[in-house]
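Participant: Before anything else, here's the structure in question.
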Amino acid sequence: MPVVDRREFGGRFSVKENSQRLANYRYLEIQLMEMIGGWCHTMPQLAVKATFGYHVYDHAQAADLLSERLEQLRAARTSQEPATDAFAELCEYVWLLDSTIDRLVAVYRVLEPHLVSSYVYHADATDPLSDAPTVRLLRQLAAMGQSHVAWGQAVLDGLTRSPDERRRALEVQADIEARLVACGGVTGQGIESHWLTFHSAKEEEKSPARVKRGRGGYKFRKQCAPLDHPVVEAPFWFSGDPDDFKVYQADDEWSLEGFRHKFHQLLYGEVETTDRMGKMLAEFPDLPWEMRMELAHQMWDEARHIEIVAKVVEDELGGELGYGPWTLVWWWMQNEADPLRRIAVTNSWAEANLMHTLREWREKAEARGLTRIAELSDYLQADERTHVRLATDWIRALTEEDPSKRDDLVHWGREAIARIQNFNARRDGEIVTKTAGADARFTFQKPGDASLVGAVAEVAGD
Ligand SMILES: [Fe+2]
Ligand SMILES: [Fe+2]
């Protein structure tokens with residue numbers, strides 16, 4: 001049988017140039033992941049938060065797939081490098097934008113379209129036979145990026161209704177595009193195109209040599225100003241007044257009304273967890289990459305939970321979103337400088353408890369014939385297991401050499417839990433206790449830990 005392969009040998013990139021480009025793309029994928037992750041808690045629209053959760057995980061996966069190819073091309077898996085300092089400065093400029101529209105314009109109308117076109121160009125210009133894995137990878141990433149761009153376009157069309165707003169958005173776009181072109185784009189090689197088929201490209205068959213970059217190129221850190229709570233759109237709201245929570249009282253907590261109150265409060269938890277995962281990704285770039293992949297995955301899960309829980313409240317439980325508030329006793333932990341503190345109470349205690357809570361919801365809902373509620377509770381419960389395990393495994397791994405640090409987390413965590421329990425007691429009209437939080441267990445505790453001496457080490461969700 002004749003073999004038919006119409007591809008020709010010859011591409012523009014050496015192995016070295018190829019891997020340098022992939023390292024440049026990986027840098028931008030990680031920048032995009034961190035930017036939208038870090039912005040998430042200051043973006044009021046729930047629809048934006050939820051989509052950012054999907055996109056953050058897409059960028060994390062893209063960076064991971066690029067790692068794989070980088071390794072195959074003799075580079076380090078962790079390679080990520082801005083082609084020029086000017087490109088890194090452009091990323092910082094975009095990160096510091098603070099209006100929703102400007103941020104969306106910068107990412108979805110400038111940076112991601114540029115990344116998509118760089119991928120398509122690279123896939124077309126590289127050797128189709130010897131570099132086939134890169135071709136396949138970049139076409140896949142281009143398709144994913146294109147879907148993000150399409151989403152961004154639709155959202156921006158919705159947010160810029162008046163001619164003035166549209167003009168302003170275009171001005172922001174033109175400004176950022178000019179900066180992008182001036183710094184030579186993601187590869188630093190200028191904005192490349194290959195579509196002038198009537199123009200022979202023979203003279204430029206190989207891509208130009210790169211300017212050598214020394215070590216210690218321009219770096220910046222993404223810091224978020226501490227807030228009392230994430231920014232949410234009306235009618236969602238936060239309150240520190242226990243009386244405001246009376247709206248969630250029901251005579252029968254397992255009635256439809258009771259479930260409505262439970263799910264409505266859970267919705268805020270999903271929002272905060274989506275937001276806090278994104279914030280961690282932005283603020284702690286030095287955590288192990290595998291851990292960051294898991295954080296990004298959790299952000300996606302929580303974003304899906306926003307969608308699921310909001311829909312349950314509205315469609316299954318007849319609730320109007322925003323009818324009740326959410327407390328301030330959780331978010332402050334996300335302003336802590338230690339990343340392990342941020343997940344100690346939330347993942348290793350609260351989400352572990354949530355596994356029991358959701359199981360109970362499923363059982364009670366089943367008993368009342370609320371099949372849909374039971375099914376959804378079961379799916380949410382299954383996801384929690386991964387979130388608890390993330391913290392259990394990583395806190396243990398990162399404190400392996402230093403058990404006293406683990407005890408420290410327990411001590412700090414118990415005080416944090418006391419704050420939560422005391423607020424809940426005041427909300428429920430109960431007596432505030434001095435010993436609140438004192439017996440709280442965390443899934444990352446290990447049998448030999450000082451904080452567990454004399455106690456049974458069985459912890460929920462472990
Ligand atoms: Fe969740
Ligand atoms: Fe969760």
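Chain labels run A, B, ... following the order of the structure tokens; each chain numbers its residues from 1, and ligands are numbered from 1 in the order shown.
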Which residues of chain A have any atom within 9 Å of an atom in ligand 1 when counting only C-alpha atoms and all ligand atoms, and what is the closest pair of atoms for each, with the distance in Å to one decimal? Order the rows by chain and rising number and write it as a tab-separated table.
Facilitator:
residue	atom	partner	partner_atom_place_in_ligand_line	distance
A:Leu266	CA	ligand 1	1 (Fe)	8.0
A:Leu267	CA	ligand 1	1 (Fe)	8.4
A:Gly269	CA	ligand 1	1 (Fe)	7.0
A:Glu270	CA	ligand 1	1 (Fe)	4.8
A:Val271	CA	ligand 1	1 (Fe)	8.4
A:Thr273	CA	ligand 1	1 (Fe)	6.9
A:Thr274	CA	ligand 1	1 (Fe)	8.0
A:Gln298	CA	ligand 1	1 (Fe)	8.3
A:Met299	CA	ligand 1	1 (Fe)	8.8
A:Asp301	CA	ligand 1	1 (Fe)	6.5
A:Glu302	CA	ligand 1	1 (Fe)	4.4
A:Ala303	CA	ligand 1	1 (Fe)	7.8
A:Arg304	CA	ligand 1	1 (Fe)	8.0
A:His305	CA	ligand 1	1 (Fe)	5.2
A:Ile306	CA	ligand 1	1 (Fe)	7.5
A:Val309	CA	ligand 1	1 (Fe)	8.9
A:Glu351	CA	ligand 1	1 (Fe)	8.3
A:Leu380	CA	ligand 1	1 (Fe)	6.7
A:Gln381	CA	ligand 1	1 (Fe)	8.6
A:Asp383	CA	ligand 1	1 (Fe)	7.4
A:Glu384	CA	ligand 1	1 (Fe)	6.7
A:His387	CA	ligand 1	1 (Fe)	8.6
Participant: With N, CA, C and O atoms retained, write the just-selected residues as a CSV table (one decimal), in the first residue's frame.
Facilitator:
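Generated file (again_28.csv):
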chain,number,residue,atom,x,y,z
A,266,LEU,N,-24.2,28.1,51.7
A,266,LEU,CA,-23.1,27.3,51.0
A,266,LEU,C,-22.6,28.1,49.8
A,266,LEU,O,-21.4,28.1,49.5
A,267,LEU,N,-23.5,28.8,49.1
A,267,LEU,CA,-23.1,29.5,47.9
A,267,LEU,C,-22.0,30.5,48.2
A,267,LEU,O,-21.0,30.6,47.5
A,269,GLY,N,-19.9,30.3,50.6
A,269,GLY,CA,-18.7,29.5,50.8
A,269,GLY,C,-18.0,29.1,49.5
A,269,GLY,O,-16.7,29.1,49.4
A,270,GLU,N,-18.8,28.8,48.5
A,270,GLU,CA,-18.2,28.4,47.2
A,270,GLU,C,-17.5,29.6,46.5
A,270,GLU,O,-16.5,29.5,45.9
A,271,VAL,N,-18.1,30.8,46.7
A,271,VAL,CA,-17.5,32.0,46.2
A,271,VAL,C,-16.2,32.3,46.8
A,271,VAL,O,-15.2,32.5,46.2
A,273,THR,N,-14.3,30.3,48.4
A,273,THR,CA,-13.3,29.3,48.1
A,273,THR,C,-12.7,29.4,46.7
A,273,THR,O,-11.5,29.2,46.4
A,274,THR,N,-13.6,29.7,45.7
A,274,THR,CA,-13.1,30.1,44.4
A,274,THR,C,-12.1,31.2,44.5
A,274,THR,O,-10.9,31.1,44.0
A,298,GLN,N,-8.8,22.8,42.3
A,298,GLN,CA,-9.8,23.1,43.3
A,298,GLN,C,-10.6,24.4,42.9
A,298,GLN,O,-11.8,24.5,43.1
A,299,MET,N,-9.9,25.4,42.4
A,299,MET,CA,-10.6,26.6,42.0
A,299,MET,C,-11.7,26.3,41.0
A,299,MET,O,-12.8,26.8,41.0
A,301,ASP,N,-13.2,23.4,40.6
A,301,ASP,CA,-14.3,22.7,41.3
A,301,ASP,C,-15.2,23.7,42.0
A,301,ASP,O,-16.4,23.6,41.9
A,302,GLU,N,-14.6,24.6,42.7
A,302,GLU,CA,-15.4,25.6,43.5
A,302,GLU,C,-16.2,26.5,42.5
A,302,GLU,O,-17.3,26.9,42.8
A,303,ALA,N,-15.6,26.8,41.4
A,303,ALA,CA,-16.3,27.6,40.4
A,303,ALA,C,-17.6,26.8,39.9
A,303,ALA,O,-18.7,27.4,39.7
A,304,ARG,N,-17.4,25.5,39.7
A,304,ARG,CA,-18.5,24.7,39.3
A,304,ARG,C,-19.6,24.7,40.4
A,304,ARG,O,-20.8,24.7,40.2
A,305,HIS,N,-19.0,24.6,41.6
A,305,HIS,CA,-20.0,24.6,42.8
A,305,HIS,C,-20.8,25.9,42.8
A,305,HIS,O,-22.0,25.9,43.2
A,306,ILE,N,-20.2,27.0,42.5
A,306,ILE,CA,-20.9,28.3,42.5
A,306,ILE,C,-22.1,28.1,41.5
A,306,ILE,O,-23.3,28.4,41.9
A,309,VAL,N,-24.7,25.4,43.0
A,309,VAL,CA,-25.4,25.8,44.2
A,309,VAL,C,-26.3,27.0,43.9
A,309,VAL,O,-27.5,27.0,44.4
A,351,GLU,N,-13.6,22.0,55.4
A,351,GLU,CA,-14.1,21.1,54.2
A,351,GLU,C,-14.2,19.7,54.7
A,351,GLU,O,-15.0,18.9,54.2
A,380,LEU,N,-21.3,17.0,45.4
A,380,LEU,CA,-20.5,18.0,46.1
A,380,LEU,C,-19.6,17.3,47.1
A,380,LEU,O,-18.4,17.6,47.3
A,381,GLN,N,-20.2,16.4,47.8
A,381,GLN,CA,-19.5,15.6,48.9
A,381,GLN,C,-18.3,14.9,48.3
A,381,GLN,O,-17.2,15.0,48.9
A,383,ASP,N,-16.5,15.8,45.7
A,383,ASP,CA,-15.4,16.8,45.4
A,383,ASP,C,-14.7,17.2,46.6
A,383,ASP,O,-13.5,17.4,46.5
A,384,GLU,N,-15.4,17.3,47.7
A,384,GLU,CA,-14.7,17.7,49.0
A,384,GLU,C,-13.5,16.9,49.4
A,384,GLU,O,-12.5,17.3,49.9
A,387,HIS,N,-10.4,18.1,48.0
A,387,HIS,CA,-10.0,19.4,48.6
A,387,HIS,C,-9.3,19.2,50.0
A,387,HIS,O,-8.4,19.8,50.3
Participant: Just the residues within 9 Å of segment 226-233 of chain A, please, counting only C-alpha atoms, with nothing from its chain fewer than 4 positions along; format it as a list in words.
Facilitator: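 With the cut-off at 9 Å, the set is Cys40, His41, Thr42, Met43, Pro44, Gln45, Leu46, Trp237, Phe238, Val271, Glu272, Asp275, Arg276, Thr327, Leu328, Trp330, Trp331, Trp332, Gln334, Asn335 and Glu336 of chain A.
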Participant: Rank A:Ala23, A:Trp412, A:Pro208, A:Glu257 by their smallest atom-to-atom distance to Glu71 of chain A, using only C-alpha atoms, and report the top residue only.
Facilitator: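 When distances to Glu71 of chain A are compared using only C-alpha atoms, the smallest one comes from A:Ala23.
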Participant: Using only C-alpha atoms, which residues sit within 8 Å of segment 118-125 of chain A once same-chain residues fewer than 5 positions away are excluded, as a count of residues only?
Facilitator: 14
Participant: Between atom CA of Met144 of chain A and atom CA of Ala60 of chain A, what is the distance in Å, rounded to a tenth?
Facilitator: 12.1 Å
Participant: Restricting the calculation to only C-alpha atoms and all ligand atoms, which member of A:Leu295, A:Ser451, A:Leu398, A:Val312 is positioned closest to ligand 2?
Facilitator: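 When distances to ligand 2 are compared using only C-alpha atoms and all ligand atoms, the smallest one comes from A:Leu295.
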Participant: List every residue of segment 19-222 of chain A that DSSP, applied to the backbone of this structure, assigns to alpha helix (DSSP H), and report them as number ranges by chain.
Facilitator: A: 19-39, 46-72, 85-95, 100-104, 112-125, 132-159, 163-182
Participant: Can you tell me which residues surround Gly429 of chain A at a distance of at most 12 Å, considering only C-alpha atoms, apart from same-chain residues fewer than 3 positions away, and format the answer as a PyMOL selection string?
Facilitator: chain A and resi 242-243+245-246+249+422-426+432
Participant: Considering only C-alpha atoms and all ligand atoms, can you say which of A:Ala234, A:Val388, A:Ala418, A:Ala154 comes closest to ligand 2?
Facilitator: A:Val388
Participant: What's around segment 5-10 of chain A at 12 Å? Count only C-alpha atoms, leave out sequence neighbours fewer than 2 positions away in its own chain, and write the answer as JSON, numbers by chain.
Facilitator: {"A": [2, 3, 12, 13, 14, 124, 125, 126, 127, 128, 129, 130, 131, 132, 202, 205, 206]}
Participant: Of the candidates A:Pro285, A:Gly152, A:Gly38, A:Gly319, which shows the shortest atom-to-atom distance to Leu104 of chain A, using only C-alpha atoms?
Facilitator: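 Closest candidate: A:Gly152.
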Participant: Figure out the distance between atom CA of Arg341 of chain A and atom CA of Tyr218 of chain A, please, to one decimal in Å.
Facilitator: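 Between atom CA of Tyr218 of chain A and atom CA of Arg341 of chain A the gap works out to 29.5 Å.
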Participant: Which of these, A:Met293, A:Val155, A:Ile101, A:Ile191, has the shortest distance to Gln173 of chain A once you count only C-alpha atoms?
Facilitator: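 Residue with the minimum atom-to-atom distance to Gln173 of chain A: A:Ile101.
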Participant: In Å, how far is it from atom CA of Pro339 of chain A to atom CA of Glu283 of chain A?
Facilitator: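 Answer for the atom CA of Pro339 of chain A to atom CA of Glu283 of chain A separation: 8.8 Å.
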Participant: Give me, as a PyMOL selection string, all polymer residues having an atom no more than 9 Å from segment 405-408 of chain A, counting only C-alpha atoms and skipping those fewer than 4 positions away in the same chain.
Facilitator: chain A and resi 395-396+399-401+412-413+444-445+449-452
Participant: Please write the residues from the selection above to a file, keeping C-alpha atoms, as a PDB file, in the first residue's frame.
Facilitator:
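What landed in part_21.pdb:
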ATOM      1  CA  ILE A 395       0.807  20.496  54.718  1.00  0.00           C
ATOM      2  CA  ARG A 396       2.334  17.201  55.797  1.00  0.00           C
ATOM      3  CA  THR A 399       6.227  20.504  57.286  1.00  0.00           C
ATOM      4  CA  GLU A 400       7.849  17.066  57.133  1.00  0.00           C
ATOM      5  CA  GLU A 401      11.148  18.363  58.460  1.00  0.00           C
ATOM      6  CA  TRP A 412      -3.184  29.094  65.220  1.00  0.00           C
ATOM      7  CA  GLY A 413      -6.033  27.138  63.610  1.00  0.00           C
ATOM      8  CA  PHE A 444      -2.872  17.029  58.528  1.00  0.00           C
ATOM      9  CA  GLN A 445      -2.078  16.125  62.167  1.00  0.00           C
ATOM     10  CA  ASP A 449       2.593  15.463  66.780  1.00  0.00           C
ATOM     11  CA  ALA A 450       2.708  17.249  70.142  1.00  0.00           C
ATOM     12  CA  SER A 451      -0.757  18.657  69.460  1.00  0.00           C
ATOM     13  CA  LEU A 452      -2.127  15.108  69.319  1.00  0.00           C
TER      14      LEU A 452
END
Participant: Which residues come within 9 Å of Ala75 of chain A, counting only C-alpha atoms, excluding same-chain residues fewer than 3 positions away, as a ChimeraX atom specification?
Facilitator: /A:16,19-20,23,67,69-72,78-79
Participant: Can you write just those residues out, C-alpha atoms, as a short mmCIF file (atom, residue, chain, number, x, y, z; two decimals), in the first residue's frame?
Facilitator:
data_model
loop_
_atom_site.label_atom_id
_atom_site.label_comp_id
_atom_site.auth_asym_id
_atom_site.auth_seq_id
_atom_site.Cartn_x
_atom_site.Cartn_y
_atom_site.Cartn_z
CA LYS A 16 16.80 25.27 21.12
CA SER A 19 12.17 25.23 23.63
CA GLN A 20 12.85 28.91 24.21
CA ALA A 23 9.28 28.63 27.80
CA SER A 67 6.27 21.41 30.60
CA ARG A 69 7.04 19.12 25.68
CA LEU A 70 9.81 21.29 27.13
CA GLU A 71 11.28 18.25 28.80
CA GLN A 72 11.13 16.30 25.56
CA THR A 78 9.83 24.15 35.04
CA SER A 79 11.13 26.46 32.29
#
